[in-house]
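Visitor: Below is the file entry04.txt, with compact mmCIF, C-alpha atoms and all ligand atoms.
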# COMPACT_ATOMS: atom_id res chain seq x y z
CA MET O 17 -23.55 -28.11 -50.32
CA PRO O 18 -21.34 -30.24 -52.51
CA THR O 19 -20.65 -33.75 -51.36
CA PRO O 20 -16.97 -34.44 -51.79
CA ILE O 21 -15.74 -37.91 -52.45
CA ALA O 22 -12.32 -39.16 -51.52
CA LYS O 23 -10.90 -42.60 -51.16
CA SER O 24 -7.90 -44.81 -51.57
CA PRO O 25 -7.55 -46.78 -54.79
CA PRO O 26 -9.52 -50.03 -54.81
CA PRO O 27 -7.31 -53.13 -54.64
CA SER O 28 -8.74 -54.98 -57.64
CA PRO O 29 -10.58 -52.65 -60.01
CA ALA O 30 -12.81 -54.07 -62.72
CA PRO O 31 -11.45 -54.00 -66.26
CA ALA O 32 -12.43 -51.13 -68.57
CA ALA O 33 -15.05 -51.78 -71.23
CA SER O 34 -14.25 -51.70 -74.97
CA PRO O 35 -10.57 -50.78 -74.65
CA SER O 36 -10.14 -51.08 -78.45
CA ALA O 37 -12.47 -48.15 -79.20
CA PHE O 38 -10.20 -45.58 -77.57
CA ARG O 39 -6.71 -45.36 -76.21
CA ILE O 40 -5.22 -43.46 -73.31
CA ARG O 41 -2.03 -41.44 -73.58
CA ARG O 42 -0.32 -38.51 -71.87
CA ALA O 43 -1.60 -35.12 -73.00
CA ARG O 44 0.65 -33.07 -75.26
CA ARG O 45 0.99 -29.37 -75.86
CA GLY O 46 -0.95 -29.78 -79.10
CA ASP O 47 -3.98 -30.95 -77.10
CA ALA O 48 -4.52 -27.49 -75.61
CA GLU O 49 -7.63 -26.73 -77.66
CA ALA O 50 -9.21 -30.13 -77.02
CA LEU O 51 -8.53 -29.82 -73.29
CA ALA O 52 -10.15 -26.38 -73.23
CA THR O 53 -13.24 -27.81 -74.93
CA LEU O 54 -13.44 -30.66 -72.43
CA LEU O 55 -13.06 -28.26 -69.50
CA LYS O 56 -16.03 -26.30 -70.86
CA GLU O 57 -18.07 -29.52 -70.71
CA LEU O 58 -16.94 -29.88 -67.12
CA GLY O 59 -18.58 -26.53 -66.40
CA TYR O 60 -15.70 -24.10 -66.79
CA PRO O 61 -16.79 -21.81 -69.67
CA ASP O 62 -13.39 -20.14 -69.86
CA GLY O 63 -11.76 -23.54 -70.40
CA SER O 64 -8.01 -23.11 -70.27
CA ASP O 65 -5.46 -21.25 -72.36
CA THR O 66 -2.48 -22.59 -74.23
CA GLN O 67 0.00 -21.06 -71.80
CA THR O 68 -1.63 -22.73 -68.81
CA VAL O 69 -1.81 -26.07 -70.63
CA HIS O 70 1.91 -25.84 -71.40
CA TRP O 71 2.67 -24.93 -67.79
CA VAL O 72 0.60 -27.78 -66.36
CA THR O 73 1.73 -30.45 -68.86
CA SER O 74 5.38 -29.66 -68.09
CA HIS O 75 4.95 -29.60 -64.31
CA PRO O 76 6.82 -32.50 -62.67
CA GLU O 77 4.02 -33.33 -60.23
CA ILE O 78 1.04 -33.13 -62.56
CA GLU O 79 0.11 -35.63 -65.23
CA ILE O 80 -2.73 -35.22 -67.69
CA PHE O 81 -4.10 -38.24 -69.48
CA VAL O 82 -6.41 -38.12 -72.45
CA ALA O 83 -8.60 -40.84 -73.90
CA CYS O 84 -8.49 -40.54 -77.68
CA ASP O 85 -10.77 -41.76 -80.43
CA PRO O 86 -9.30 -43.69 -83.40
CA GLN O 87 -8.39 -40.33 -85.01
CA ASP O 88 -6.37 -39.45 -81.89
CA LYS O 89 -8.86 -36.76 -80.89
CA PRO O 90 -9.21 -36.44 -77.09
CA VAL O 91 -12.71 -37.45 -75.98
CA GLY O 92 -11.95 -37.48 -72.28
CA MET O 93 -9.32 -36.19 -69.91
CA LEU O 94 -8.10 -36.71 -66.38
CA SER O 95 -5.53 -34.64 -64.54
CA LEU O 96 -3.63 -36.15 -61.65
CA SER O 97 -1.43 -34.22 -59.25
CA HIS O 98 0.79 -35.77 -56.60
CA ARG O 99 3.06 -34.57 -53.85
CA PRO O 100 4.57 -35.81 -50.57
CA GLN O 101 2.46 -35.47 -47.43
CA LEU O 102 3.71 -35.43 -43.85
CA ARG O 103 1.00 -37.46 -42.14
CA LEU O 104 1.01 -40.17 -44.79
CA ARG O 105 4.80 -40.35 -44.73
CA GLY O 106 4.53 -40.72 -48.44
CA ARG O 107 2.92 -39.45 -51.56
CA ILE O 108 -0.72 -38.41 -51.97
CA ALA O 109 -2.39 -37.97 -55.35
CA THR O 110 -5.50 -36.07 -56.36
CA VAL O 111 -7.69 -36.37 -59.43
CA ASP O 112 -8.10 -32.68 -60.19
CA GLU O 113 -10.27 -32.92 -63.30
CA LEU O 114 -12.11 -35.73 -65.00
CA VAL O 115 -14.51 -35.35 -67.89
CA VAL O 116 -15.69 -37.39 -70.85
CA THR O 117 -17.33 -35.66 -73.79
CA GLU O 118 -21.07 -36.31 -73.84
CA ALA O 119 -21.13 -38.43 -77.01
CA TRP O 120 -18.64 -40.85 -75.47
CA ARG O 121 -20.21 -41.30 -72.04
CA ARG O 122 -21.26 -44.72 -70.74
CA ARG O 123 -18.70 -46.45 -72.94
CA GLY O 124 -16.12 -47.13 -70.26
CA VAL O 125 -13.91 -44.11 -70.97
CA GLY O 126 -14.27 -42.51 -67.53
CA ARG O 127 -13.61 -45.80 -65.76
CA ALA O 128 -10.59 -46.47 -67.98
CA LEU O 129 -9.14 -43.03 -67.20
CA LEU O 130 -9.64 -43.59 -63.48
CA LEU O 131 -8.04 -47.04 -63.65
CA HIS O 132 -5.12 -45.46 -65.49
CA ALA O 133 -4.75 -42.92 -62.68
CA ILE O 134 -4.94 -45.70 -60.09
CA GLU O 135 -2.24 -47.67 -61.89
CA ARG O 136 -0.06 -44.60 -62.28
CA SER O 137 -0.51 -43.87 -58.55
CA ARG O 138 0.61 -47.40 -57.77
CA VAL O 139 3.76 -46.93 -59.86
CA LEU O 140 4.45 -43.65 -58.03
CA SER O 141 4.01 -45.44 -54.66
CA VAL O 142 1.10 -43.15 -53.83
CA LYS O 143 -0.43 -44.04 -50.47
CA ARG O 144 -3.77 -42.35 -51.03
CA LEU O 145 -5.64 -41.26 -54.14
CA GLU O 146 -8.49 -38.83 -53.63
CA LEU O 147 -10.78 -36.45 -55.41
CA ALA O 148 -13.47 -33.95 -54.62
CA ALA O 149 -16.73 -33.91 -56.55
CA ARG O 150 -19.50 -31.36 -56.62
CA SER O 151 -22.27 -33.86 -56.42
CA GLU O 152 -24.96 -35.04 -54.11
CA SER O 153 -25.03 -38.54 -52.74
CA GLY O 154 -27.00 -40.68 -55.21
CA SER O 155 -26.23 -38.41 -58.18
CA ASP O 156 -24.93 -39.79 -61.48
CA THR O 157 -21.41 -38.63 -60.64
CA ALA O 158 -21.53 -40.25 -57.22
CA ARG O 159 -22.80 -43.48 -58.80
CA PHE O 160 -19.92 -43.36 -61.28
CA TYR O 161 -17.27 -43.01 -58.56
CA GLU O 162 -18.89 -45.68 -56.45
CA ALA O 163 -18.99 -47.99 -59.49
CA CYS O 164 -15.24 -47.38 -59.82
CA GLY O 165 -14.58 -48.35 -56.19
CA PHE O 166 -14.42 -44.94 -54.51
CA VAL O 167 -16.40 -44.06 -51.38
CA GLY O 168 -17.45 -40.72 -49.89
CA ASP O 169 -15.12 -39.73 -47.11
CA CYS O 170 -14.96 -36.13 -45.94
CA MET O 171 -16.10 -32.58 -46.61
CA VAL O 172 -13.99 -30.12 -48.56
CA PHE O 173 -13.88 -26.41 -47.74
CA ARG O 174 -12.39 -23.89 -50.10
CA HIS O 175 -11.14 -20.34 -49.97
CA GLY O 176 -11.27 -18.54 -53.30
CA GLY O 177 -11.46 -20.09 -56.75
CA SER O 178 -14.60 -21.64 -58.13
C1 LIG Q 201 -18.67 -38.82 -64.70
C2 LIG Q 201 -18.09 -39.20 -66.07
C3 LIG Q 201 -16.61 -38.84 -66.09
C4 LIG Q 201 -18.25 -40.71 -66.27
O1 LIG Q 201 -17.60 -41.06 -67.49
P1 LIG Q 201 -18.17 -42.25 -68.40
O2 LIG Q 201 -17.16 -42.54 -69.45
O3 LIG Q 201 -19.53 -41.91 -68.88
O4 LIG Q 201 -18.28 -43.44 -67.36
P2 LIG Q 201 -18.16 -45.01 -67.66
O5 LIG Q 201 -18.82 -45.34 -68.95
O6 LIG Q 201 -16.74 -45.42 -67.53
O7 LIG Q 201 -19.04 -45.61 -66.46
C5 LIG Q 201 -18.52 -46.55 -65.55
C6 LIG Q 201 -19.64 -46.94 -64.62
O8 LIG Q 201 -19.99 -45.80 -63.79
C7 LIG Q 201 -21.43 -45.80 -63.59
N1 LIG Q 201 -22.00 -44.62 -64.25
C8 LIG Q 201 -21.39 -43.81 -65.14
N2 LIG Q 201 -22.21 -42.81 -65.52
C9 LIG Q 201 -23.36 -43.00 -64.82
C10 LIG Q 201 -24.59 -42.31 -64.78
N3 LIG Q 201 -24.84 -41.19 -65.52
N4 LIG Q 201 -25.55 -42.77 -63.95
C11 LIG Q 201 -25.35 -43.87 -63.21
N5 LIG Q 201 -24.20 -44.59 -63.21
C12 LIG Q 201 -23.21 -44.15 -64.00
C13 LIG Q 201 -21.96 -47.08 -64.24
O9 LIG Q 201 -21.94 -48.10 -63.27
C14 LIG Q 201 -20.93 -47.33 -65.30
O10 LIG Q 201 -20.84 -48.66 -65.70
P3 LIG Q 201 -21.90 -49.23 -66.80
O11 LIG Q 201 -22.00 -48.22 -67.91
O12 LIG Q 201 -21.29 -50.53 -67.21
O13 LIG Q 201 -23.20 -49.36 -66.07
C15 LIG Q 201 -18.86 -38.51 -67.22
O14 LIG Q 201 -20.23 -38.78 -67.09
C16 LIG Q 201 -18.68 -37.00 -67.24
O15 LIG Q 201 -17.73 -36.51 -67.82
N6 LIG Q 201 -19.62 -36.27 -66.59
C17 LIG Q 201 -19.58 -34.81 -66.59
C18 LIG Q 201 -18.38 -34.29 -65.83
C19 LIG Q 201 -18.30 -34.86 -64.43
O16 LIG Q 201 -19.28 -35.01 -63.72
N7 LIG Q 201 -17.03 -35.12 -64.01
C20 LIG Q 201 -16.72 -35.53 -62.69
C21 LIG Q 201 -16.60 -34.30 -61.91
S1 LIG Q 201 -15.78 -34.53 -60.42
What would the structure in this file look like if it were written as structure tokens?
Ligand SMILES: CC(C)(COP(=O)(O)OP(=O)(O)OC[C@H]1O[C@@H](n2cnc3c(N)ncnc32)[C@H](O)[C@@H]1OP(=O)(O)O)[C@@H](O)C(=O)NCCC(=O)NCCS

Guide:
Amino acid sequence: MPTPIAKSPPPSPAPAASPSAFRIRRARRGDAEALATLLKELGYPDGSDTQTVHWVTSHPEIEIFVACDPQDKPVGMLSLSHRPQLRLRGRIATVDELVVTEAWRRRGVGRALLLHAIERSRVLSVKRLELAARSESGSDTARFYEACGFVGDCMVFRHGGS
């Protein structure tokens, strides 16, 4: 059973490590291939197709951020969706996908992408930022989210999809 993790943004997140080695920007249509490769690393062998990338990157309530190496090649990506929610009387945001390519892990890229999403959520007046992770308590992924200030909150059930 996957252990989902969801939490509000931490008030004072720690700074990202080595910010000079990579930079974060919004994804562009030309990043479609790189995004597909990163999604494969996340465990989705079909990745994504150009049409879907164009659809998602132009959607008004979805933002995709990429962390790029000095050659502007995406080495990590995070997608953030947001919409109004009744019970919050405000906006809720979800980290839909987050992955850093293996060669760039443990260099602060994942944390920097999350902090970027937290800051963007603040600008959008988001009241709650959450995510669901397929990971057990104590796993590497859980340790990563905890290190970034998130805590496990509730279970997630799904109908369809994978
Ligand atoms: C999870 C993931 C995004 C983390 O990205 P990252 O760039 O390696 O993470 P960071 O370097 O920013 O790590 C920040 C902190 O999280 C913790 N952390 C990260 N990876 C960890 C690991 N494998 N084991 C234990 N702690 C870890 C550490 O405290 C780390 O700080 P430190 O390196 O100073 O000790 C990356 O490992 C990844 O893409 N994994 C595969 C896909 C995945 O699991 N995505 C999330 C699915 S919901």

Visitor: List as a PDB file with C-alpha atoms, keeping the file's coordinate frame the protein and nucleic acid residues lying within 6 Å of ligand LIG 201 (chain Q), with only C-alpha atoms and all ligand atoms counted.

Guide:
ATOM      1  CA  LEU O  58     -16.940 -29.880 -67.120  1.00  0.00           C
ATOM      2  CA  LEU O 114     -12.110 -35.730 -65.000  1.00  0.00           C
ATOM      3  CA  VAL O 115     -14.510 -35.350 -67.890  1.00  0.00           C
ATOM      4  CA  VAL O 116     -15.690 -37.390 -70.850  1.00  0.00           C
ATOM      5  CA  ARG O 121     -20.210 -41.300 -72.040  1.00  0.00           C
ATOM      6  CA  ARG O 122     -21.260 -44.720 -70.740  1.00  0.00           C
ATOM      7  CA  ARG O 123     -18.700 -46.450 -72.940  1.00  0.00           C
ATOM      8  CA  GLY O 124     -16.120 -47.130 -70.260  1.00  0.00           C
ATOM      9  CA  VAL O 125     -13.910 -44.110 -70.970  1.00  0.00           C
ATOM     10  CA  GLY O 126     -14.270 -42.510 -67.530  1.00  0.00           C
ATOM     11  CA  ARG O 127     -13.610 -45.800 -65.760  1.00  0.00           C
ATOM     12  CA  ALA O 149     -16.730 -33.910 -56.550  1.00  0.00           C
ATOM     13  CA  ASP O 156     -24.930 -39.790 -61.480  1.00  0.00           C
ATOM     14  CA  THR O 157     -21.410 -38.630 -60.640  1.00  0.00           C
ATOM     15  CA  ARG O 159     -22.800 -43.480 -58.800  1.00  0.00           C
ATOM     16  CA  PHE O 160     -19.920 -43.360 -61.280  1.00  0.00           C
ATOM     17  CA  ALA O 163     -18.990 -47.990 -59.490  1.00  0.00           C
TER      18      ALA O 163
END

Visitor: Please, what distance in Å, to one decimal, runs between atom CA of Glu146 of chain O and atom CA of Asp169 of chain O?

Guide: 9.3 Å

Visitor: Work out how far atom CA of Arg44 of chain O is from atom CA of Ile108 of chain O, in Å to one decimal.

Guide: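 About the pair atom CA of Ile108 of chain O and atom CA of Arg44 of chain O: they are 23.9 Å apart.
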
Visitor: For Gly63 of chain O, find every residue with an atom within 9 Å (counting all atoms listed in the file), except residues of its own chain fewer than 6 positions away, and show them as a JSON list (two decimals) with C-alpha atoms, in the coordinates of the input.

Guide:
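Output saved as result_34.json:
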[["chain", "number", "residue", "atom", "x", "y", "z"],
["O", 49, "GLU", "CA", -7.63, -26.73, -77.66],
["O", 51, "LEU", "CA", -8.53, -29.82, -73.29],
["O", 52, "ALA", "CA", -10.15, -26.38, -73.23],
["O", 53, "THR", "CA", -13.24, -27.81, -74.93],
["O", 54, "LEU", "CA", -13.44, -30.66, -72.43],
["O", 55, "LEU", "CA", -13.06, -28.26, -69.50],
["O", 56, "LYS", "CA", -16.03, -26.30, -70.86],
["O", 57, "GLU", "CA", -18.07, -29.52, -70.71]]

Visitor: Measuring between only C-alpha atoms, which one of O:Ala133, O:Met93, O:Val172, O:Leu102 shows the shortest distance to Arg150 of chain O?

Guide: O:Val172

Visitor: Would you compute the box with edges along x, y and z of the file around segment 123-130 of chain O, including every atom the file lists for it and 5 Å extra on each side, and give its centre and edge lengths in Å to one decimal, as lines of an AutoDock Vina configuration file?

Guide:
center_x = -13.9
center_y = -44.8
center_z = -68.2
size_x = 19.6
size_y = 14.6
size_z = 19.5

Visitor: To one decimal place in Å, what is the distance between atom CA of Ser95 of chain O and atom CA of Leu129 of chain O?

Guide: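 Pair atom CA of Ser95 of chain O / atom CA of Leu129 of chain O returns 9.5 Å.
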
Visitor: Name the residues in contact with Ile40 of chain O at a cut-off of 10 Å, using all atoms listed in the file, excluding same-chain residues fewer than 5 positions from it; report them as a PyMOL selection string.

Guide: chain O and resi 35+81-85+88+90-93+125+128-129+132

Visitor: Grab the residues selected above and save them as a PDB file, in the coordinates of the input with C-alpha atoms.

Guide:
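See selection_38.pdb below for the written result:
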ATOM      1  CA  PRO O  35     -10.570 -50.780 -74.650  1.00  0.00           C
ATOM      2  CA  PHE O  81      -4.100 -38.240 -69.480  1.00  0.00           C
ATOM      3  CA  VAL O  82      -6.410 -38.120 -72.450  1.00  0.00           C
ATOM      4  CA  ALA O  83      -8.600 -40.840 -73.900  1.00  0.00           C
ATOM      5  CA  CYS O  84      -8.490 -40.540 -77.680  1.00  0.00           C
ATOM      6  CA  ASP O  85     -10.770 -41.760 -80.430  1.00  0.00           C
ATOM      7  CA  ASP O  88      -6.370 -39.450 -81.890  1.00  0.00           C
ATOM      8  CA  PRO O  90      -9.210 -36.440 -77.090  1.00  0.00           C
ATOM      9  CA  VAL O  91     -12.710 -37.450 -75.980  1.00  0.00           C
ATOM     10  CA  GLY O  92     -11.950 -37.480 -72.280  1.00  0.00           C
ATOM     11  CA  MET O  93      -9.320 -36.190 -69.910  1.00  0.00           C
ATOM     12  CA  VAL O 125     -13.910 -44.110 -70.970  1.00  0.00           C
ATOM     13  CA  ALA O 128     -10.590 -46.470 -67.980  1.00  0.00           C
ATOM     14  CA  LEU O 129      -9.140 -43.030 -67.200  1.00  0.00           C
ATOM     15  CA  HIS O 132      -5.120 -45.460 -65.490  1.00  0.00           C
TER      16      HIS O 132
END

Visitor: Can you work out which one of O:Cys164, O:Val139, O:Ala158, O:Leu94 has the shortest atom-to-atom distance to Thr73 of chain O, counting all atoms listed in the file?

Guide: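 Of all the options, O:Leu94 lies closest to Thr73 of chain O.
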
Visitor: Nearest residue to Gln67 of chain O out of O:Leu130, O:Ala48, O:Leu104, O:Leu145, using all atoms listed in the file?

Guide: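 Once distances to Gln67 of chain O are computed over all atoms listed in the file, the minimum belongs to O:Ala48.
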
Visitor: May I ask which of the residues O:Gly168, O:Glu162, O:Leu96, O:Gly154 is the closest one to Val142 of chain O, counting only C-alpha atoms?

Guide: O:Leu96

Visitor: Pick out the closest residue to Leu147 of chain O from this set: O:Ala119, O:Ile80, O:Val111, O:Cys170. Count all atoms listed in the file.

Guide: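 Selected residue with least distance to Leu147 of chain O: O:Val111.
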
Visitor: Which residue, O:Ala109, O:Ala43, O:Val69, O:Met171, has the smallest gap to Ile134 of chain O when you use all atoms listed in the file?

Guide: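 Closest candidate: O:Ala109.
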
Visitor: Would you kindly return, as an MDAnalysis selection string, each protein, DNA or RNA residue with an atom no farther than 12 Å from any atom of Lys143 of chain O, considering only C-alpha atoms and excluding same-chain residues fewer than 6 positions away?

Guide: chainID O and resid 23:26 98:110 134 136:137
